[in-house]
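Have a look at model_36.cif below; it lists mmCIF, N, CA and C atoms and all ligand atoms.
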data_query
#
loop_
_atom_site.label_atom_id
_atom_site.label_comp_id
_atom_site.auth_asym_id
_atom_site.auth_seq_id
_atom_site.Cartn_x
_atom_site.Cartn_y
_atom_site.Cartn_z
N MET A 1 -17.87 -2.53 -5.15
CA MET A 1 -16.43 -2.71 -5.41
C MET A 1 -15.73 -1.36 -5.30
N ILE A 2 -14.65 -1.32 -4.50
CA ILE A 2 -13.85 -0.10 -4.47
C ILE A 2 -12.51 -0.38 -5.16
N PHE A 3 -11.96 0.65 -5.79
CA PHE A 3 -10.67 0.55 -6.47
C PHE A 3 -9.64 1.31 -5.65
N VAL A 4 -8.59 0.60 -5.27
CA VAL A 4 -7.59 1.17 -4.37
C VAL A 4 -6.19 0.96 -4.96
N SER A 5 -5.46 2.05 -5.13
CA SER A 5 -4.04 1.94 -5.54
C SER A 5 -3.19 1.82 -4.28
N CYS A 6 -2.20 0.94 -4.32
CA CYS A 6 -1.30 0.85 -3.16
C CYS A 6 0.14 0.74 -3.65
N ALA A 7 1.07 1.09 -2.75
CA ALA A 7 2.47 1.21 -3.16
C ALA A 7 3.39 0.37 -2.30
N ILE A 8 4.17 -0.45 -2.97
CA ILE A 8 5.27 -1.15 -2.32
C ILE A 8 6.47 -0.23 -2.53
N ILE A 9 6.80 0.55 -1.50
CA ILE A 9 7.86 1.54 -1.65
C ILE A 9 9.19 0.92 -1.22
N GLU A 10 10.15 0.95 -2.14
CA GLU A 10 11.47 0.38 -1.86
C GLU A 10 12.46 1.50 -1.58
N ASN A 11 13.36 1.27 -0.62
CA ASN A 11 14.42 2.26 -0.40
C ASN A 11 15.76 1.72 -0.92
N SER A 12 16.81 2.52 -0.77
CA SER A 12 18.09 2.12 -1.35
C SER A 12 18.83 1.10 -0.48
N ASN A 13 18.26 0.76 0.70
CA ASN A 13 18.85 -0.29 1.54
C ASN A 13 18.20 -1.65 1.29
N GLY A 14 17.42 -1.77 0.24
CA GLY A 14 16.76 -3.04 -0.06
C GLY A 14 15.61 -3.34 0.87
N GLN A 15 15.00 -2.30 1.43
CA GLN A 15 13.85 -2.51 2.33
C GLN A 15 12.58 -1.96 1.70
N VAL A 16 11.46 -2.42 2.28
CA VAL A 16 10.14 -2.07 1.77
C VAL A 16 9.35 -1.44 2.92
N LEU A 17 8.53 -0.45 2.59
CA LEU A 17 7.75 0.25 3.61
C LEU A 17 6.38 -0.40 3.81
N ALA A 18 6.07 -0.70 5.07
CA ALA A 18 4.73 -1.16 5.42
C ALA A 18 4.14 -0.17 6.41
N THR A 19 2.86 0.10 6.29
CA THR A 19 2.19 1.04 7.21
C THR A 19 1.07 0.30 7.92
N ARG A 20 0.83 0.72 9.16
CA ARG A 20 -0.18 0.02 9.96
C ARG A 20 -1.39 0.91 10.16
N ARG A 21 -2.57 0.38 9.85
CA ARG A 21 -3.79 1.17 10.00
C ARG A 21 -4.04 1.46 11.48
N SER A 22 -4.69 2.59 11.75
CA SER A 22 -4.94 2.97 13.14
C SER A 22 -6.18 2.25 13.64
N GLU A 23 -6.43 2.40 14.93
CA GLU A 23 -7.60 1.78 15.55
C GLU A 23 -8.89 2.36 14.99
N ALA A 24 -8.82 3.64 14.58
CA ALA A 24 -10.03 4.33 14.12
C ALA A 24 -10.38 4.00 12.67
N MET A 25 -9.47 3.38 11.93
CA MET A 25 -9.71 3.11 10.51
C MET A 25 -10.43 1.77 10.36
N SER A 26 -10.98 1.53 9.16
CA SER A 26 -11.50 0.19 8.87
C SER A 26 -10.30 -0.77 8.87
N LEU A 27 -10.53 -2.04 9.06
CA LEU A 27 -9.46 -3.03 9.20
C LEU A 27 -8.42 -2.53 10.23
N PRO A 28 -8.87 -2.21 11.46
CA PRO A 28 -7.99 -1.60 12.44
C PRO A 28 -6.75 -2.44 12.73
N MET A 29 -5.64 -1.73 12.83
CA MET A 29 -4.33 -2.28 13.21
C MET A 29 -3.75 -3.29 12.22
N LYS A 30 -4.37 -3.43 11.08
CA LYS A 30 -3.79 -4.31 10.05
C LYS A 30 -2.69 -3.55 9.31
N TRP A 31 -1.71 -4.31 8.84
CA TRP A 31 -0.66 -3.72 8.01
C TRP A 31 -1.13 -3.68 6.57
N GLU A 32 -0.68 -2.68 5.85
CA GLU A 32 -1.05 -2.50 4.45
C GLU A 32 0.07 -1.75 3.75
N PHE A 33 -0.11 -1.55 2.45
CA PHE A 33 0.79 -0.66 1.72
C PHE A 33 0.08 0.68 1.60
N ALA A 34 0.85 1.76 1.71
CA ALA A 34 0.26 3.10 1.62
C ALA A 34 -0.56 3.21 0.34
N GLY A 35 -1.62 3.98 0.38
CA GLY A 35 -2.44 4.15 -0.81
C GLY A 35 -3.84 4.55 -0.44
N GLY A 36 -4.74 4.42 -1.39
CA GLY A 36 -6.13 4.78 -1.10
C GLY A 36 -7.00 4.68 -2.33
N LYS A 37 -8.24 5.10 -2.14
CA LYS A 37 -9.24 4.94 -3.20
C LYS A 37 -8.95 5.83 -4.40
N VAL A 38 -9.17 5.26 -5.56
CA VAL A 38 -9.01 6.01 -6.81
C VAL A 38 -10.19 6.96 -6.94
N GLU A 39 -9.88 8.23 -7.17
CA GLU A 39 -10.95 9.21 -7.33
C GLU A 39 -11.31 9.35 -8.80
N HIS A 40 -12.53 9.86 -9.00
CA HIS A 40 -13.05 10.02 -10.36
C HIS A 40 -12.09 10.87 -11.20
N GLY A 41 -11.79 10.40 -12.40
CA GLY A 41 -10.95 11.18 -13.32
C GLY A 41 -9.46 11.02 -13.09
N GLU A 42 -9.09 10.15 -12.18
CA GLU A 42 -7.68 9.98 -11.82
C GLU A 42 -7.17 8.66 -12.41
N THR A 43 -5.91 8.65 -12.87
CA THR A 43 -5.33 7.36 -13.26
C THR A 43 -4.82 6.68 -11.99
N TYR A 44 -4.59 5.37 -12.08
CA TYR A 44 -4.17 4.64 -10.88
C TYR A 44 -2.85 5.15 -10.33
N ASP A 45 -1.94 5.52 -11.26
CA ASP A 45 -0.65 6.00 -10.74
C ASP A 45 -0.74 7.43 -10.21
N GLU A 46 -1.69 8.22 -10.72
CA GLU A 46 -1.91 9.55 -10.11
C GLU A 46 -2.41 9.36 -8.68
N THR A 47 -3.30 8.39 -8.49
CA THR A 47 -3.82 8.13 -7.13
C THR A 47 -2.69 7.79 -6.19
N ILE A 48 -1.80 6.91 -6.63
CA ILE A 48 -0.79 6.44 -5.69
C ILE A 48 0.16 7.57 -5.30
N LEU A 49 0.55 8.41 -6.26
CA LEU A 49 1.46 9.50 -5.91
C LEU A 49 0.76 10.52 -5.00
N ARG A 50 -0.52 10.79 -5.26
CA ARG A 50 -1.29 11.70 -4.40
C ARG A 50 -1.40 11.15 -2.99
N LYS A 51 -1.75 9.86 -2.86
CA LYS A 51 -1.97 9.29 -1.53
C LYS A 51 -0.67 9.21 -0.73
N ILE A 52 0.44 8.89 -1.39
CA ILE A 52 1.72 8.81 -0.66
C ILE A 52 2.06 10.19 -0.08
N LYS A 53 1.85 11.22 -0.87
CA LYS A 53 2.09 12.59 -0.38
C LYS A 53 1.19 12.90 0.80
N GLU A 54 -0.11 12.59 0.67
CA GLU A 54 -1.09 12.90 1.72
C GLU A 54 -0.82 12.14 3.02
N GLU A 55 -0.51 10.85 2.88
CA GLU A 55 -0.41 10.00 4.07
C GLU A 55 0.95 10.04 4.72
N LEU A 56 2.00 10.19 3.90
CA LEU A 56 3.37 10.04 4.42
C LEU A 56 4.22 11.29 4.24
N GLY A 57 3.86 12.13 3.28
CA GLY A 57 4.61 13.35 3.03
C GLY A 57 5.96 13.13 2.36
N ILE A 58 6.12 12.00 1.68
CA ILE A 58 7.40 11.77 0.99
C ILE A 58 7.20 11.76 -0.52
N GLU A 59 8.32 11.86 -1.21
CA GLU A 59 8.27 11.83 -2.67
C GLU A 59 8.76 10.47 -3.16
N THR A 60 8.02 9.90 -4.10
CA THR A 60 8.39 8.60 -4.66
C THR A 60 8.23 8.65 -6.17
N LYS A 61 8.77 7.64 -6.82
CA LYS A 61 8.60 7.47 -8.28
C LYS A 61 8.03 6.09 -8.52
N VAL A 62 7.09 5.98 -9.44
CA VAL A 62 6.56 4.67 -9.77
C VAL A 62 7.56 3.93 -10.64
N SER A 63 7.91 2.67 -10.27
CA SER A 63 8.80 1.88 -11.12
C SER A 63 8.03 0.88 -11.96
N LYS A 64 6.97 0.32 -11.38
CA LYS A 64 6.33 -0.80 -12.08
C LYS A 64 4.94 -1.03 -11.49
N GLN A 65 4.00 -1.43 -12.35
CA GLN A 65 2.68 -1.82 -11.83
C GLN A 65 2.60 -3.34 -11.79
N LEU A 66 2.09 -3.87 -10.69
CA LEU A 66 1.88 -5.31 -10.60
C LEU A 66 0.45 -5.63 -11.03
N LYS A 67 0.12 -6.92 -11.06
CA LYS A 67 -1.23 -7.33 -11.47
C LYS A 67 -2.26 -6.93 -10.41
N VAL A 68 -3.44 -6.54 -10.86
CA VAL A 68 -4.48 -6.18 -9.90
C VAL A 68 -4.95 -7.43 -9.16
N VAL A 69 -5.38 -7.22 -7.93
CA VAL A 69 -5.85 -8.31 -7.08
C VAL A 69 -7.26 -7.98 -6.62
N ILE A 70 -8.19 -8.89 -6.84
CA ILE A 70 -9.58 -8.68 -6.39
C ILE A 70 -9.79 -9.51 -5.13
N SER A 71 -10.32 -8.88 -4.08
CA SER A 71 -10.56 -9.61 -2.82
C SER A 71 -11.93 -9.22 -2.28
N HIS A 72 -12.45 -10.10 -1.45
CA HIS A 72 -13.77 -9.86 -0.87
C HIS A 72 -13.67 -9.88 0.64
N TYR A 73 -14.01 -8.76 1.27
CA TYR A 73 -14.15 -8.70 2.72
C TYR A 73 -15.62 -8.96 3.04
N PRO A 74 -15.95 -9.22 4.30
CA PRO A 74 -17.35 -9.49 4.62
C PRO A 74 -18.30 -8.38 4.16
N ASN A 75 -17.89 -7.12 4.27
CA ASN A 75 -18.84 -6.05 3.90
C ASN A 75 -18.46 -5.22 2.68
N PHE A 76 -17.38 -5.54 2.01
CA PHE A 76 -17.08 -4.88 0.73
C PHE A 76 -16.05 -5.68 -0.06
N SER A 77 -16.01 -5.37 -1.35
CA SER A 77 -15.02 -6.01 -2.23
C SER A 77 -14.06 -4.94 -2.72
N ILE A 78 -12.87 -5.37 -3.02
CA ILE A 78 -11.82 -4.40 -3.35
C ILE A 78 -11.01 -4.89 -4.55
N THR A 79 -10.74 -3.97 -5.46
CA THR A 79 -9.75 -4.20 -6.51
C THR A 79 -8.52 -3.41 -6.11
N LEU A 80 -7.46 -4.13 -5.81
CA LEU A 80 -6.23 -3.48 -5.35
C LEU A 80 -5.27 -3.39 -6.54
N ILE A 81 -4.79 -2.19 -6.80
CA ILE A 81 -3.87 -1.97 -7.92
C ILE A 81 -2.50 -1.66 -7.30
N PRO A 82 -1.60 -2.66 -7.28
CA PRO A 82 -0.31 -2.46 -6.61
C PRO A 82 0.76 -1.89 -7.54
N PHE A 83 1.54 -0.99 -6.98
CA PHE A 83 2.67 -0.42 -7.71
C PHE A 83 3.94 -0.65 -6.90
N ILE A 84 5.04 -0.91 -7.60
CA ILE A 84 6.34 -0.84 -6.94
C ILE A 84 6.84 0.59 -7.16
N CYS A 85 7.20 1.26 -6.07
CA CYS A 85 7.66 2.65 -6.16
C CYS A 85 9.02 2.75 -5.51
N ARG A 86 9.77 3.75 -5.94
CA ARG A 86 11.09 3.99 -5.38
C ARG A 86 11.04 5.24 -4.52
N TYR A 87 11.53 5.13 -3.30
CA TYR A 87 11.63 6.30 -2.42
C TYR A 87 12.59 7.30 -3.04
N VAL A 88 12.21 8.56 -3.08
CA VAL A 88 13.09 9.59 -3.64
C VAL A 88 13.62 10.50 -2.54
N ASN A 89 12.73 11.16 -1.81
CA ASN A 89 13.19 11.95 -0.67
C ASN A 89 12.06 12.36 0.25
N GLY A 90 12.45 12.96 1.37
CA GLY A 90 11.48 13.42 2.36
C GLY A 90 11.51 12.54 3.59
N GLU A 91 11.05 13.13 4.69
CA GLU A 91 10.98 12.39 5.96
C GLU A 91 9.53 11.95 6.15
N ILE A 92 9.36 10.70 6.55
CA ILE A 92 8.00 10.20 6.73
C ILE A 92 7.36 10.84 7.95
N LEU A 93 6.19 11.46 7.71
CA LEU A 93 5.37 11.98 8.81
C LEU A 93 4.00 11.36 8.63
N LEU A 94 3.60 10.55 9.59
CA LEU A 94 2.33 9.83 9.43
C LEU A 94 1.14 10.76 9.66
N HIS A 95 0.24 10.83 8.70
CA HIS A 95 -0.95 11.67 8.84
C HIS A 95 -2.17 10.85 9.20
N GLU A 96 -2.16 9.55 8.93
CA GLU A 96 -3.35 8.73 9.19
C GLU A 96 -3.01 7.43 9.90
N HIS A 97 -1.82 6.91 9.66
CA HIS A 97 -1.49 5.58 10.15
C HIS A 97 -0.99 5.58 11.59
N HIS A 98 -1.02 4.40 12.19
CA HIS A 98 -0.57 4.21 13.56
C HIS A 98 0.96 4.13 13.62
N GLU A 99 1.54 3.42 12.68
CA GLU A 99 3.00 3.28 12.66
C GLU A 99 3.46 2.83 11.27
N PHE A 100 4.77 2.86 11.08
CA PHE A 100 5.31 2.33 9.82
C PHE A 100 6.58 1.57 10.14
N THR A 101 6.99 0.74 9.20
CA THR A 101 8.28 0.05 9.36
C THR A 101 8.88 -0.19 7.98
N TRP A 102 10.21 -0.15 7.94
CA TRP A 102 10.93 -0.56 6.73
C TRP A 102 11.44 -1.97 7.01
N LEU A 103 11.19 -2.89 6.13
CA LEU A 103 11.71 -4.24 6.38
C LEU A 103 12.14 -4.91 5.09
N THR A 104 13.06 -5.87 5.25
CA THR A 104 13.54 -6.57 4.07
C THR A 104 12.44 -7.52 3.58
N ALA A 105 12.48 -7.81 2.29
CA ALA A 105 11.41 -8.59 1.66
C ALA A 105 11.17 -9.92 2.38
N ASN A 106 12.24 -10.55 2.87
CA ASN A 106 12.06 -11.87 3.50
C ASN A 106 11.31 -11.80 4.84
N LYS A 107 11.10 -10.58 5.35
CA LYS A 107 10.36 -10.43 6.62
C LYS A 107 8.90 -10.02 6.38
N LEU A 108 8.56 -9.75 5.13
CA LEU A 108 7.24 -9.18 4.86
C LEU A 108 6.10 -10.06 5.38
N LEU A 109 6.24 -11.37 5.21
CA LEU A 109 5.12 -12.25 5.58
C LEU A 109 4.93 -12.39 7.09
N SER A 110 5.84 -11.79 7.87
CA SER A 110 5.68 -11.89 9.33
C SER A 110 4.66 -10.88 9.87
N LEU A 111 4.24 -9.92 9.04
CA LEU A 111 3.27 -8.91 9.52
C LEU A 111 1.84 -9.43 9.38
N ASP A 112 0.96 -8.82 10.18
CA ASP A 112 -0.47 -9.17 10.13
C ASP A 112 -1.15 -8.26 9.10
N TRP A 113 -1.10 -8.69 7.85
CA TRP A 113 -1.57 -7.88 6.72
C TRP A 113 -3.08 -7.86 6.60
N ALA A 114 -3.64 -6.78 6.05
CA ALA A 114 -5.02 -6.78 5.56
C ALA A 114 -5.10 -7.93 4.55
N ALA A 115 -6.19 -8.68 4.58
CA ALA A 115 -6.26 -9.90 3.77
C ALA A 115 -5.98 -9.66 2.29
N ALA A 116 -6.46 -8.53 1.76
CA ALA A 116 -6.28 -8.26 0.33
C ALA A 116 -4.81 -8.08 -0.04
N ASP A 117 -3.97 -7.78 0.95
CA ASP A 117 -2.55 -7.53 0.66
C ASP A 117 -1.72 -8.80 0.58
N ILE A 118 -2.23 -9.88 1.12
CA ILE A 118 -1.41 -11.10 1.16
C ILE A 118 -1.05 -11.58 -0.26
N PRO A 119 -2.02 -11.63 -1.18
CA PRO A 119 -1.62 -11.99 -2.55
C PRO A 119 -0.68 -10.97 -3.18
N VAL A 120 -0.77 -9.72 -2.77
CA VAL A 120 0.13 -8.69 -3.30
C VAL A 120 1.56 -8.96 -2.80
N VAL A 121 1.68 -9.31 -1.53
CA VAL A 121 3.01 -9.62 -0.98
C VAL A 121 3.60 -10.82 -1.72
N HIS A 122 2.79 -11.86 -1.94
CA HIS A 122 3.30 -13.04 -2.66
C HIS A 122 3.73 -12.68 -4.08
N GLN A 123 2.92 -11.86 -4.73
CA GLN A 123 3.25 -11.45 -6.10
C GLN A 123 4.56 -10.68 -6.13
N TYR A 124 4.73 -9.79 -5.15
CA TYR A 124 5.96 -9.01 -5.06
C TYR A 124 7.16 -9.93 -4.83
N LEU A 125 7.01 -10.88 -3.91
CA LEU A 125 8.13 -11.79 -3.61
C LEU A 125 8.49 -12.60 -4.85
N SER A 126 7.49 -13.06 -5.59
CA SER A 126 7.78 -13.82 -6.83
C SER A 126 8.50 -12.93 -7.83
N SER A 127 8.12 -11.66 -7.89
CA SER A 127 8.74 -10.78 -8.88
C SER A 127 10.23 -10.56 -8.57
N LEU A 128 10.63 -10.79 -7.33
CA LEU A 128 12.04 -10.61 -6.96
C LEU A 128 12.90 -11.82 -7.32
N GLN A 129 12.21 -12.96 -7.51
CA GLN A 129 12.97 -14.20 -7.72
C GLN A 129 13.18 -14.53 -9.20
N ILE A 130 13.47 -13.50 -9.99
CA ILE A 130 13.68 -13.77 -11.43
C ILE A 130 15.14 -14.08 -11.67
N1 LIG B 1 -4.54 2.07 1.28
C1 LIG B 1 -4.72 0.76 1.31
N2 LIG B 1 -5.96 0.29 1.55
C2 LIG B 1 -6.10 -1.04 1.57
C3 LIG B 1 -5.01 -1.92 1.37
N3 LIG B 1 -5.48 -3.20 1.47
C4 LIG B 1 -6.79 -3.14 1.77
O1 LIG B 1 -7.55 -4.06 1.95
N4 LIG B 1 -7.19 -1.80 1.80
C5 LIG B 1 -8.53 -1.34 2.07
O2 LIG B 1 -8.94 -0.46 1.04
C6 LIG B 1 -9.68 0.62 1.57
C7 LIG B 1 -8.95 1.89 1.19
O3 LIG B 1 -9.39 2.89 1.94
P1 LIG B 1 -8.49 4.07 2.51
O4 LIG B 1 -9.20 4.55 3.72
O5 LIG B 1 -7.07 3.71 2.64
O6 LIG B 1 -8.61 5.04 1.30
P2 LIG B 1 -8.84 6.59 1.26
O7 LIG B 1 -7.90 7.22 2.24
O8 LIG B 1 -8.75 6.99 -0.17
O9 LIG B 1 -10.34 6.69 1.75
P3 LIG B 1 -11.08 7.82 2.56
O10 LIG B 1 -10.72 9.11 1.92
O11 LIG B 1 -12.53 7.41 2.42
O12 LIG B 1 -10.56 7.66 3.97
C8 LIG B 1 -9.76 0.43 3.07
O13 LIG B 1 -10.96 -0.21 3.42
C9 LIG B 1 -8.59 -0.51 3.32
O14 LIG B 1 -8.82 -1.29 4.45
C10 LIG B 1 -3.73 -1.41 1.12
O15 LIG B 1 -2.72 -2.10 0.93
N5 LIG B 1 -3.63 -0.05 1.10
#
Translate the structure described by the file into structure tokens.
Ligand SMILES: Nc1nc2c([nH]c(=O)n2[C@@H]2O[C@H](COP(=O)(O)OP(=O)(O)OP(=O)(O)O)[C@@H](O)[C@H]2O)c(=O)[nH]1
Amino acid sequence: MIFVSCAIIENSNGQVLATRRSEAMSLPMKWEFAGGKVEHGETYDETILRKIKEELGIETKVSKQLKVVISHYPNFSITLIPFICRYVNGEILLHEHHEFTWLTANKLLSLDWAAADIPVVHQYLSSLQI
């Protein structure tokens, strides 16, 4: 089981950031939320802020943690710890991903997500309908 923090980053135009894994990464070309594996001695929110800086080079603030999602891929299992984050500043420079897009919540389900992210997208969409 790997523990992975991921971020649903919202901007001030009501859009959310999705990043696409590269061909060289595991789950090639799948869309995901920025993030990565939790390192020893790190809290989940420390992981997410570190990974956003490393992968995208932008500054964000954590607004809220969503429920963890456990998923099983053919060769590994993952506990995904999703956070809603607010974009603060900086220009996105991709260090690992193939591409990124900002899209409104109603378009999120049109992307070809990593399987573990689909319940996260549904959870996020439900959280908006309060
Ligand atoms: N970052 C991220 N990883 C995800 C998501 N959904 C999902 O299934 N994963 C999987 O979780 C794993 C996280 O690995 P990663 O490669 O992003 O993490 P990392 O940068 O810390 O690892 P590394 O330093 O070994 O490269 C990958 O196998 C990835 O496919 C997601 O939304 N965000």
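With all atoms listed in the file as the atoms that count, the set of residues no farther than 6.5 Å from ligand LIG 1 (chain B) is Val4, Ser5, Cys6, Ala7, Ser26, Leu27, Trp31, Glu32, Phe33, Ala34, Gly35, Gly36, Lys37, Val38, Ala114, Ala115, Ala116 and Asp117 of chain A.
Atom pair atom N of Glu10 of chain A / atom C of Leu109 of chain A has a distance of 17.0 Å (rounded to one decimal).
Between Lys61 of chain A and the candidates A:Tyr87, A:Phe3, A:Tyr124, A:Tyr73, the tightest atom-to-atom separation, counting only N, CA and C atoms, involves A:Tyr87.
When all atoms listed in the file are used to measure the gap to Glu99 of chain A, the shortest distance among A:Arg86, A:Ala18, A:Ile2, A:Met25 belongs to A:Ala18.
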Shell around Ala105 of chain A at 10 Å using only C-alpha atoms, local window under 4 positions removed, as a PDB file with N, CA and C atoms, in the frame of the given file:
ATOM      1  N   GLU A  10      10.150   0.950  -2.140  1.00  0.00           N
ATOM      2  CA  GLU A  10      11.470   0.380  -1.860  1.00  0.00           C
ATOM      3  C   GLU A  10      12.460   1.500  -1.580  1.00  0.00           C
ATOM      4  N   GLY A  14      17.420  -1.770   0.240  1.00  0.00           N
ATOM      5  CA  GLY A  14      16.760  -3.040  -0.060  1.00  0.00           C
ATOM      6  C   GLY A  14      15.610  -3.340   0.870  1.00  0.00           C
ATOM      7  N   GLN A  15      15.000  -2.300   1.430  1.00  0.00           N
ATOM      8  CA  GLN A  15      13.850  -2.510   2.330  1.00  0.00           C
ATOM      9  C   GLN A  15      12.580  -1.960   1.700  1.00  0.00           C
ATOM     10  N   VAL A  16      11.460  -2.420   2.280  1.00  0.00           N
ATOM     11  CA  VAL A  16      10.140  -2.070   1.770  1.00  0.00           C
ATOM     12  C   VAL A  16       9.350  -1.440   2.920  1.00  0.00           C
ATOM     13  N   LEU A  17       8.530  -0.450   2.590  1.00  0.00           N
ATOM     14  CA  LEU A  17       7.750   0.250   3.610  1.00  0.00           C
ATOM     15  C   LEU A  17       6.380  -0.400   3.810  1.00  0.00           C
ATOM     16  N   LEU A 109       6.240 -11.370   5.210  1.00  0.00           N
ATOM     17  CA  LEU A 109       5.120 -12.250   5.580  1.00  0.00           C
ATOM     18  C   LEU A 109       4.930 -12.390   7.090  1.00  0.00           C
ATOM     19  N   VAL A 121       1.680  -9.310  -1.530  1.00  0.00           N
ATOM     20  CA  VAL A 121       3.010  -9.620  -0.980  1.00  0.00           C
ATOM     21  C   VAL A 121       3.600 -10.820  -1.720  1.00  0.00           C
ATOM     22  N   TYR A 124       4.730  -9.790  -5.150  1.00  0.00           N
ATOM     23  CA  TYR A 124       5.960  -9.010  -5.060  1.00  0.00           C
ATOM     24  C   TYR A 124       7.160  -9.930  -4.830  1.00  0.00           C
ATOM     25  N   LEU A 125       7.010 -10.880  -3.910  1.00  0.00           N
ATOM     26  CA  LEU A 125       8.130 -11.790  -3.610  1.00  0.00           C
ATOM     27  C   LEU A 125       8.490 -12.600  -4.850  1.00  0.00           C
ATOM     28  N   LEU A 128      10.630 -10.790  -7.330  1.00  0.00           N
ATOM     29  CA  LEU A 128      12.040 -10.610  -6.960  1.00  0.00           C
ATOM     30  C   LEU A 128      12.900 -11.820  -7.320  1.00  0.00           C
TER      31      LEU A 128
END
Expected answer as an MDAnalysis selection string: all residues with atoms within 9 Å of (-0.2, -3.0, 11.1), only C-alpha atoms: chainID A and resid 18:22 28:32 97:100 111:114
Next, dump the selected residues to file, keeping only N, CA and C atoms, as a CSV table (one decimal), keeping the file's coordinate frame.
chain,number,residue,atom,x,y,z
A,18,ALA,N,6.1,-0.7,5.1
A,18,ALA,CA,4.7,-1.2,5.4
A,18,ALA,C,4.1,-0.2,6.4
A,19,THR,N,2.9,0.1,6.3
A,19,THR,CA,2.2,1.0,7.2
A,19,THR,C,1.1,0.3,7.9
A,20,ARG,N,0.8,0.7,9.2
A,20,ARG,CA,-0.2,0.0,10.0
A,20,ARG,C,-1.4,0.9,10.2
A,21,ARG,N,-2.6,0.4,9.8
A,21,ARG,CA,-3.8,1.2,10.0
A,21,ARG,C,-4.0,1.5,11.5
A,22,SER,N,-4.7,2.6,11.8
A,22,SER,CA,-4.9,3.0,13.1
A,22,SER,C,-6.2,2.2,13.6
A,28,PRO,N,-8.9,-2.2,11.5
A,28,PRO,CA,-8.0,-1.6,12.4
A,28,PRO,C,-6.8,-2.4,12.7
A,29,MET,N,-5.6,-1.7,12.8
A,29,MET,CA,-4.3,-2.3,13.2
A,29,MET,C,-3.8,-3.3,12.2
A,30,LYS,N,-4.4,-3.4,11.1
A,30,LYS,CA,-3.8,-4.3,10.0
A,30,LYS,C,-2.7,-3.6,9.3
A,31,TRP,N,-1.7,-4.3,8.8
A,31,TRP,CA,-0.7,-3.7,8.0
A,31,TRP,C,-1.1,-3.7,6.6
A,32,GLU,N,-0.7,-2.7,5.8
A,32,GLU,CA,-1.0,-2.5,4.4
A,32,GLU,C,0.1,-1.8,3.8
A,97,HIS,N,-1.8,6.9,9.7
A,97,HIS,CA,-1.5,5.6,10.2
A,97,HIS,C,-1.0,5.6,11.6
A,98,HIS,N,-1.0,4.4,12.2
A,98,HIS,CA,-0.6,4.2,13.6
A,98,HIS,C,1.0,4.1,13.6
A,99,GLU,N,1.5,3.4,12.7
A,99,GLU,CA,3.0,3.3,12.7
A,99,GLU,C,3.5,2.8,11.3
A,100,PHE,N,4.8,2.9,11.1
A,100,PHE,CA,5.3,2.3,9.8
A,100,PHE,C,6.6,1.6,10.1
A,111,LEU,N,4.2,-9.9,9.0
A,111,LEU,CA,3.3,-8.9,9.5
A,111,LEU,C,1.8,-9.4,9.4
A,112,ASP,N,1.0,-8.8,10.2
A,112,ASP,CA,-0.5,-9.2,10.1
A,112,ASP,C,-1.2,-8.3,9.1
A,113,TRP,N,-1.1,-8.7,7.8
A,113,TRP,CA,-1.6,-7.9,6.7
A,113,TRP,C,-3.1,-7.9,6.6
A,114,ALA,N,-3.6,-6.8,6.0
A,114,ALA,CA,-5.0,-6.8,5.6
A,114,ALA,C,-5.1,-7.9,4.6
query: When DSSP works through the backbone of this structure, what residues of chain A end up as strand (DSSP E), shown as a PyMOL selection string?
result: chain A and resi 2-10+15-20+31-32+35-37+59-65+69-72+77-89+99-104
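Computed from the coordinates, the atom C of Val68 of chain A to atom C of Asn89 of chain A distance equals 27.7 Å.
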Contact residues around Glu55 of chain A with all atoms listed in the file at 7 Å, ignoring same-chain residues under 4 positions, as a CSV table (one decimal) with N, CA and C atoms, keeping the file's coordinate frame:
chain,number,residue,atom,x,y,z
A,50,ARG,N,-0.5,10.8,-5.3
A,50,ARG,CA,-1.3,11.7,-4.4
A,50,ARG,C,-1.4,11.2,-3.0
A,51,LYS,N,-1.8,9.9,-2.9
A,51,LYS,CA,-2.0,9.3,-1.5
A,51,LYS,C,-0.7,9.2,-0.7
A,93,LEU,N,6.2,11.5,7.7
A,93,LEU,CA,5.4,12.0,8.8
A,93,LEU,C,4.0,11.4,8.6
A,94,LEU,N,3.6,10.6,9.6
A,94,LEU,CA,2.3,9.8,9.4
A,94,LEU,C,1.1,10.8,9.7
A,95,HIS,N,0.2,10.8,8.7
A,95,HIS,CA,-1.0,11.7,8.8
A,95,HIS,C,-2.2,10.8,9.2
A,96,GLU,N,-2.2,9.6,8.9
A,96,GLU,CA,-3.4,8.7,9.2
A,96,GLU,C,-3.0,7.4,9.9
A,97,HIS,N,-1.8,6.9,9.7
A,97,HIS,CA,-1.5,5.6,10.2
A,97,HIS,C,-1.0,5.6,11.6
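In terms of minimum interatomic distance to Glu59 of chain A, A:Val88 ranks closest within A:Val88, A:Leu103, A:Ile118, A:Leu80, counting all atoms listed in the file.
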message: Report, in Å to a single decimal, how far apart atom CA of Ile81 of chain A and atom CA of Asn11 of chain A are.
response: 20.2 Å
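Minimum atom-to-atom distance to Lys64 of chain A, evaluated using all atoms listed in the file, belongs to A:Cys85 out of A:Ala24, A:Met1, A:Cys85, A:Val120.
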- prompt: If you run DSSP on the backbone, which residues of chain A are helix (DSSP H, G or I), as JSON, numbers by chain?
  reply: {"A": [44, 45, 46, 47, 48, 49, 50, 51, 52, 53, 54, 55, 56, 105, 106, 107, 108, 109, 110, 115, 116, 117, 118, 119, 120, 121, 122, 123, 124, 125, 126, 127, 128]}
